[in-house]
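The structure appears below as structure tokens.
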Amino acid sequence: MANVIHTLKDDWSLSATVAGFLAVLISYAGPLIIFFQAAQAAQVSETMMASWIWGVSIGAAVSGIYLSIKYKTPIITAWSAPGTALLVTVFPNMSINEAIAAYIVSAIVIFLVGATGSFDKILRWIPNGIAAGMMAGILFQFGLELFVATNTMPFIVFSMLGCYLVARRFSPRYTMIWVLLCGVILSVLLGKMNPVDIDLAITIPTVIWPEWTWNAVFNLAIPLILVSLTGQFLPGMAILNLNGYDTPAKPIVSITSLASLAVTCVGGITIVLAAITAALCTGKDAHESKEKRYIAGVANGIFYLLGGLLAGSIVMVFSLLPKELVAALAGLALIGAISTNVTIAMKDDSQRDAALITFLATASGMSFLGLSSVFWGILIGMVAYYILSKKRLLPLFS
């Protein structure tokens, strides 16, 4: 333990800490809004809502810190954003107790997928160009939102963009620190911060007992398994691999599933490997040295831990920031990741057309048979790749 603390102290950096903070900030300011929508649909109390946030935050914190330290890799965990969106559609026709049962089924099944090593085999089927096309498609919308935000807050967003360019030229390692300070200072001076009453208090989670029904299994558990594997773990592992980290999926899927199981009965939905926010912590902006970027994963977990302990109040701190500032932060922070993935997707002539098809399908936001554009993007791209490369599909199953 003493050696671990000593190593963390030596490797700690401000840039990695900021990357971890931004990942939490974007998660709380974005996907967390879906949680509030689901809570409104389920008509739950503020105490129950705080318990939900406690569950997903603590689950992500513990799994992220453990995995990042153990594998010296910036492993960013979070709750399933597409899975949370499913909650909005099932409430109020499903009780909270039924939803908890669905969480448990989902966690067990995903654990079995991870523990058997099945997910690692799936990843080996996917060429780098296709994986990069998928990631570029996922991140593309965030890049667009940077400029969409100029419609309502042009001065602040353009100032942040200017700050980004100057900092990128003269202080690249701390670019996002300067951009964050610029956005916050201008928002305060121009009176754009959201009025929020903040009352710091430790959150005590509420236990919710599961109620087993086939309705919960078919309408929530199975879709939750599919969207978590295809919409979170698949792109999350892809971005780790594309940034040079060869950590196998088996321990990541297994540990996050156990974390999911541990927080289900307080309302914590499936804990998964993050994809979009992971892009903030796996590139050079987090740290020039690839070996020291794992600190971003540890910092991310620590901020999640604080958010969980103060779930009923700390989330309100994030609510202070205008949504345009958060959108601009996300867009600017992900420029490097978008550039990297587009470059990889277009690099190999034999994969270029299929990678472009993957990018377009993923970026389209299409939804078919209840599955997201991420799933269809990778599926259509893989079919295109094997047809265009004149390879037979049979070897995939050998």
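The way I read the labels, and the way they are meant: chains A, B, ... in the order of the structure tokens, residue 1 as the first residue of every chain, and ligand 1 as the first ligand shown, with later ones counted on from there.
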
Margin query: What's around range 349-359 of chain A at 6 Å? Count only C-alpha atoms, leave out sequence neighbours fewer than 6 positions away in its own chain, and write the answer as a PyMOL selection string.
Written below: chain A and resi 129-130+133-134+137+377-378+381+384-385

Now that the selection is made, can you save its residues with all heavy atoms as a PDB file, in the first residue's frame?
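Everything below was put into selection27.pdb:
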ATOM      1  N   GLY A 129      -9.324   0.531 -38.185  1.00  0.00           N
ATOM      2  CA  GLY A 129      -9.986   1.575 -38.965  1.00  0.00           C
ATOM      3  C   GLY A 129     -11.468   1.662 -38.678  1.00  0.00           C
ATOM      4  O   GLY A 129     -12.041   2.752 -38.587  1.00  0.00           O
ATOM      5  N   ILE A 130     -12.102   0.501 -38.517  1.00  0.00           N
ATOM      6  CA  ILE A 130     -13.542   0.466 -38.221  1.00  0.00           C
ATOM      7  C   ILE A 130     -13.799   0.991 -36.815  1.00  0.00           C
ATOM      8  O   ILE A 130     -14.727   1.776 -36.577  1.00  0.00           O
ATOM      9  CB  ILE A 130     -14.092  -0.971 -38.368  1.00  0.00           C
ATOM     10  CG1 ILE A 130     -13.736  -1.552 -39.742  1.00  0.00           C
ATOM     11  CG2 ILE A 130     -15.596  -0.986 -38.143  1.00  0.00           C
ATOM     12  CD1 ILE A 130     -14.236  -0.742 -40.911  1.00  0.00           C
ATOM     13  N   GLY A 133     -13.385   4.713 -36.884  1.00  0.00           N
ATOM     14  CA  GLY A 133     -14.538   5.336 -37.534  1.00  0.00           C
ATOM     15  C   GLY A 133     -15.722   5.434 -36.594  1.00  0.00           C
ATOM     16  O   GLY A 133     -16.439   6.443 -36.564  1.00  0.00           O
ATOM     17  N   MET A 134     -15.930   4.378 -35.799  1.00  0.00           N
ATOM     18  CA  MET A 134     -17.004   4.382 -34.811  1.00  0.00           C
ATOM     19  C   MET A 134     -16.761   5.463 -33.765  1.00  0.00           C
ATOM     20  O   MET A 134     -17.663   6.245 -33.432  1.00  0.00           O
ATOM     21  CB  MET A 134     -17.102   3.020 -34.137  1.00  0.00           C
ATOM     22  CG  MET A 134     -18.106   2.959 -32.994  1.00  0.00           C
ATOM     23  SD  MET A 134     -18.013   1.395 -32.090  1.00  0.00           S
ATOM     24  CE  MET A 134     -16.362   1.485 -31.412  1.00  0.00           C
ATOM     25  N   GLY A 137     -17.308   8.902 -35.088  1.00  0.00           N
ATOM     26  CA  GLY A 137     -18.742   9.158 -35.226  1.00  0.00           C
ATOM     27  C   GLY A 137     -19.396   9.525 -33.909  1.00  0.00           C
ATOM     28  O   GLY A 137     -20.261  10.404 -33.838  1.00  0.00           O
ATOM     29  N   GLY A 377     -23.576   1.245 -36.511  1.00  0.00           N
ATOM     30  CA  GLY A 377     -22.384   1.753 -37.177  1.00  0.00           C
ATOM     31  C   GLY A 377     -21.308   0.687 -37.273  1.00  0.00           C
ATOM     32  O   GLY A 377     -20.723   0.455 -38.344  1.00  0.00           O
ATOM     33  N   ILE A 378     -21.034   0.007 -36.154  1.00  0.00           N
ATOM     34  CA  ILE A 378     -19.992  -1.019 -36.148  1.00  0.00           C
ATOM     35  C   ILE A 378     -20.424  -2.233 -36.966  1.00  0.00           C
ATOM     36  O   ILE A 378     -19.607  -2.854 -37.674  1.00  0.00           O
ATOM     37  CB  ILE A 378     -19.626  -1.424 -34.703  1.00  0.00           C
ATOM     38  CG1 ILE A 378     -18.260  -2.116 -34.661  1.00  0.00           C
ATOM     39  CG2 ILE A 378     -20.653  -2.317 -34.079  1.00  0.00           C
ATOM     40  CD1 ILE A 378     -17.102  -1.209 -34.889  1.00  0.00           C
ATOM     41  N   GLY A 381     -20.403  -1.220 -40.708  1.00  0.00           N
ATOM     42  CA  GLY A 381     -19.012  -1.031 -41.090  1.00  0.00           C
ATOM     43  C   GLY A 381     -18.270  -2.351 -41.247  1.00  0.00           C
ATOM     44  O   GLY A 381     -17.470  -2.527 -42.181  1.00  0.00           O
ATOM     45  N   ALA A 384     -19.412  -4.005 -44.440  1.00  0.00           N
ATOM     46  CA  ALA A 384     -18.786  -3.314 -45.565  1.00  0.00           C
ATOM     47  C   ALA A 384     -17.317  -3.698 -45.701  1.00  0.00           C
ATOM     48  O   ALA A 384     -16.813  -3.929 -46.808  1.00  0.00           O
ATOM     49  CB  ALA A 384     -18.917  -1.801 -45.381  1.00  0.00           C
ATOM     50  N   TYR A 385     -16.634  -3.800 -44.580  1.00  0.00           N
ATOM     51  CA  TYR A 385     -15.204  -4.135 -44.611  1.00  0.00           C
ATOM     52  C   TYR A 385     -14.970  -5.515 -45.220  1.00  0.00           C
ATOM     53  O   TYR A 385     -14.109  -5.683 -46.091  1.00  0.00           O
ATOM     54  CB  TYR A 385     -14.637  -4.087 -43.196  1.00  0.00           C
ATOM     55  CG  TYR A 385     -13.235  -4.646 -43.091  1.00  0.00           C
ATOM     56  CD1 TYR A 385     -12.138  -3.940 -43.589  1.00  0.00           C
ATOM     57  CD2 TYR A 385     -13.008  -5.892 -42.504  1.00  0.00           C
ATOM     58  CE1 TYR A 385     -10.854  -4.460 -43.508  1.00  0.00           C
ATOM     59  CE2 TYR A 385     -11.725  -6.418 -42.413  1.00  0.00           C
ATOM     60  CZ  TYR A 385     -10.656  -5.695 -42.923  1.00  0.00           C
ATOM     61  OH  TYR A 385      -9.389  -6.224 -42.848  1.00  0.00           O
TER      62      TYR A 385
END

Check: Any idea what's packed within 7 Å of range 225-233 of chain A, counting only C-alpha atoms, ignoring anything in its chain fewer than 3 positions away? Could you give it as a PyMOL selection string?
Finding: chain A and resi 80+82-83+106+110+221-222+236-237+272-275+371+374-375

Next item on the list: Could you check which of A:Thr116, A:Thr247, A:Ser63, A:Thr270 is closest to Ile100 in chain A, using only C-alpha atoms?
Entry: A:Thr270

Notebook entry, point to check: Taking into account only C-alpha atoms, which residue in the set A:Leu189, A:Ile269, A:Ile104, A:Ala238 is nearest to Val217 in chain A?
Noted result: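 Using only C-alpha atoms, Val217 in chain A sits closest to A:Ile104.
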
Margin query: as a ChimeraX atom specification, please: the residues near Ser51 in chain A (cut-off 8 Å, only C-alpha atoms, same-chain neighbours under 5 positions excluded).
Written below: /A:203-206,266-268,311

Note to self: Between CA of Val253 in chain A and CA of Gly114 in chain A, what distance in Å does the model show, to one decimal?
What the structure shows: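 Straight-line distance from CA of Val253 in chain A to CA of Gly114 in chain A works out to 4.9 Å.
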
Next item on the list: Check the smallest atom-to-atom distance from each of A:Phe21, A:Phe35, A:Phe140, A:Trp52 to Ile335 in chain A using only C-alpha atoms, then report the winner.
Entry: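 Between A:Phe21, A:Phe35, A:Phe140, A:Trp52, the residue approaching Ile335 in chain A most closely is A:Phe140.
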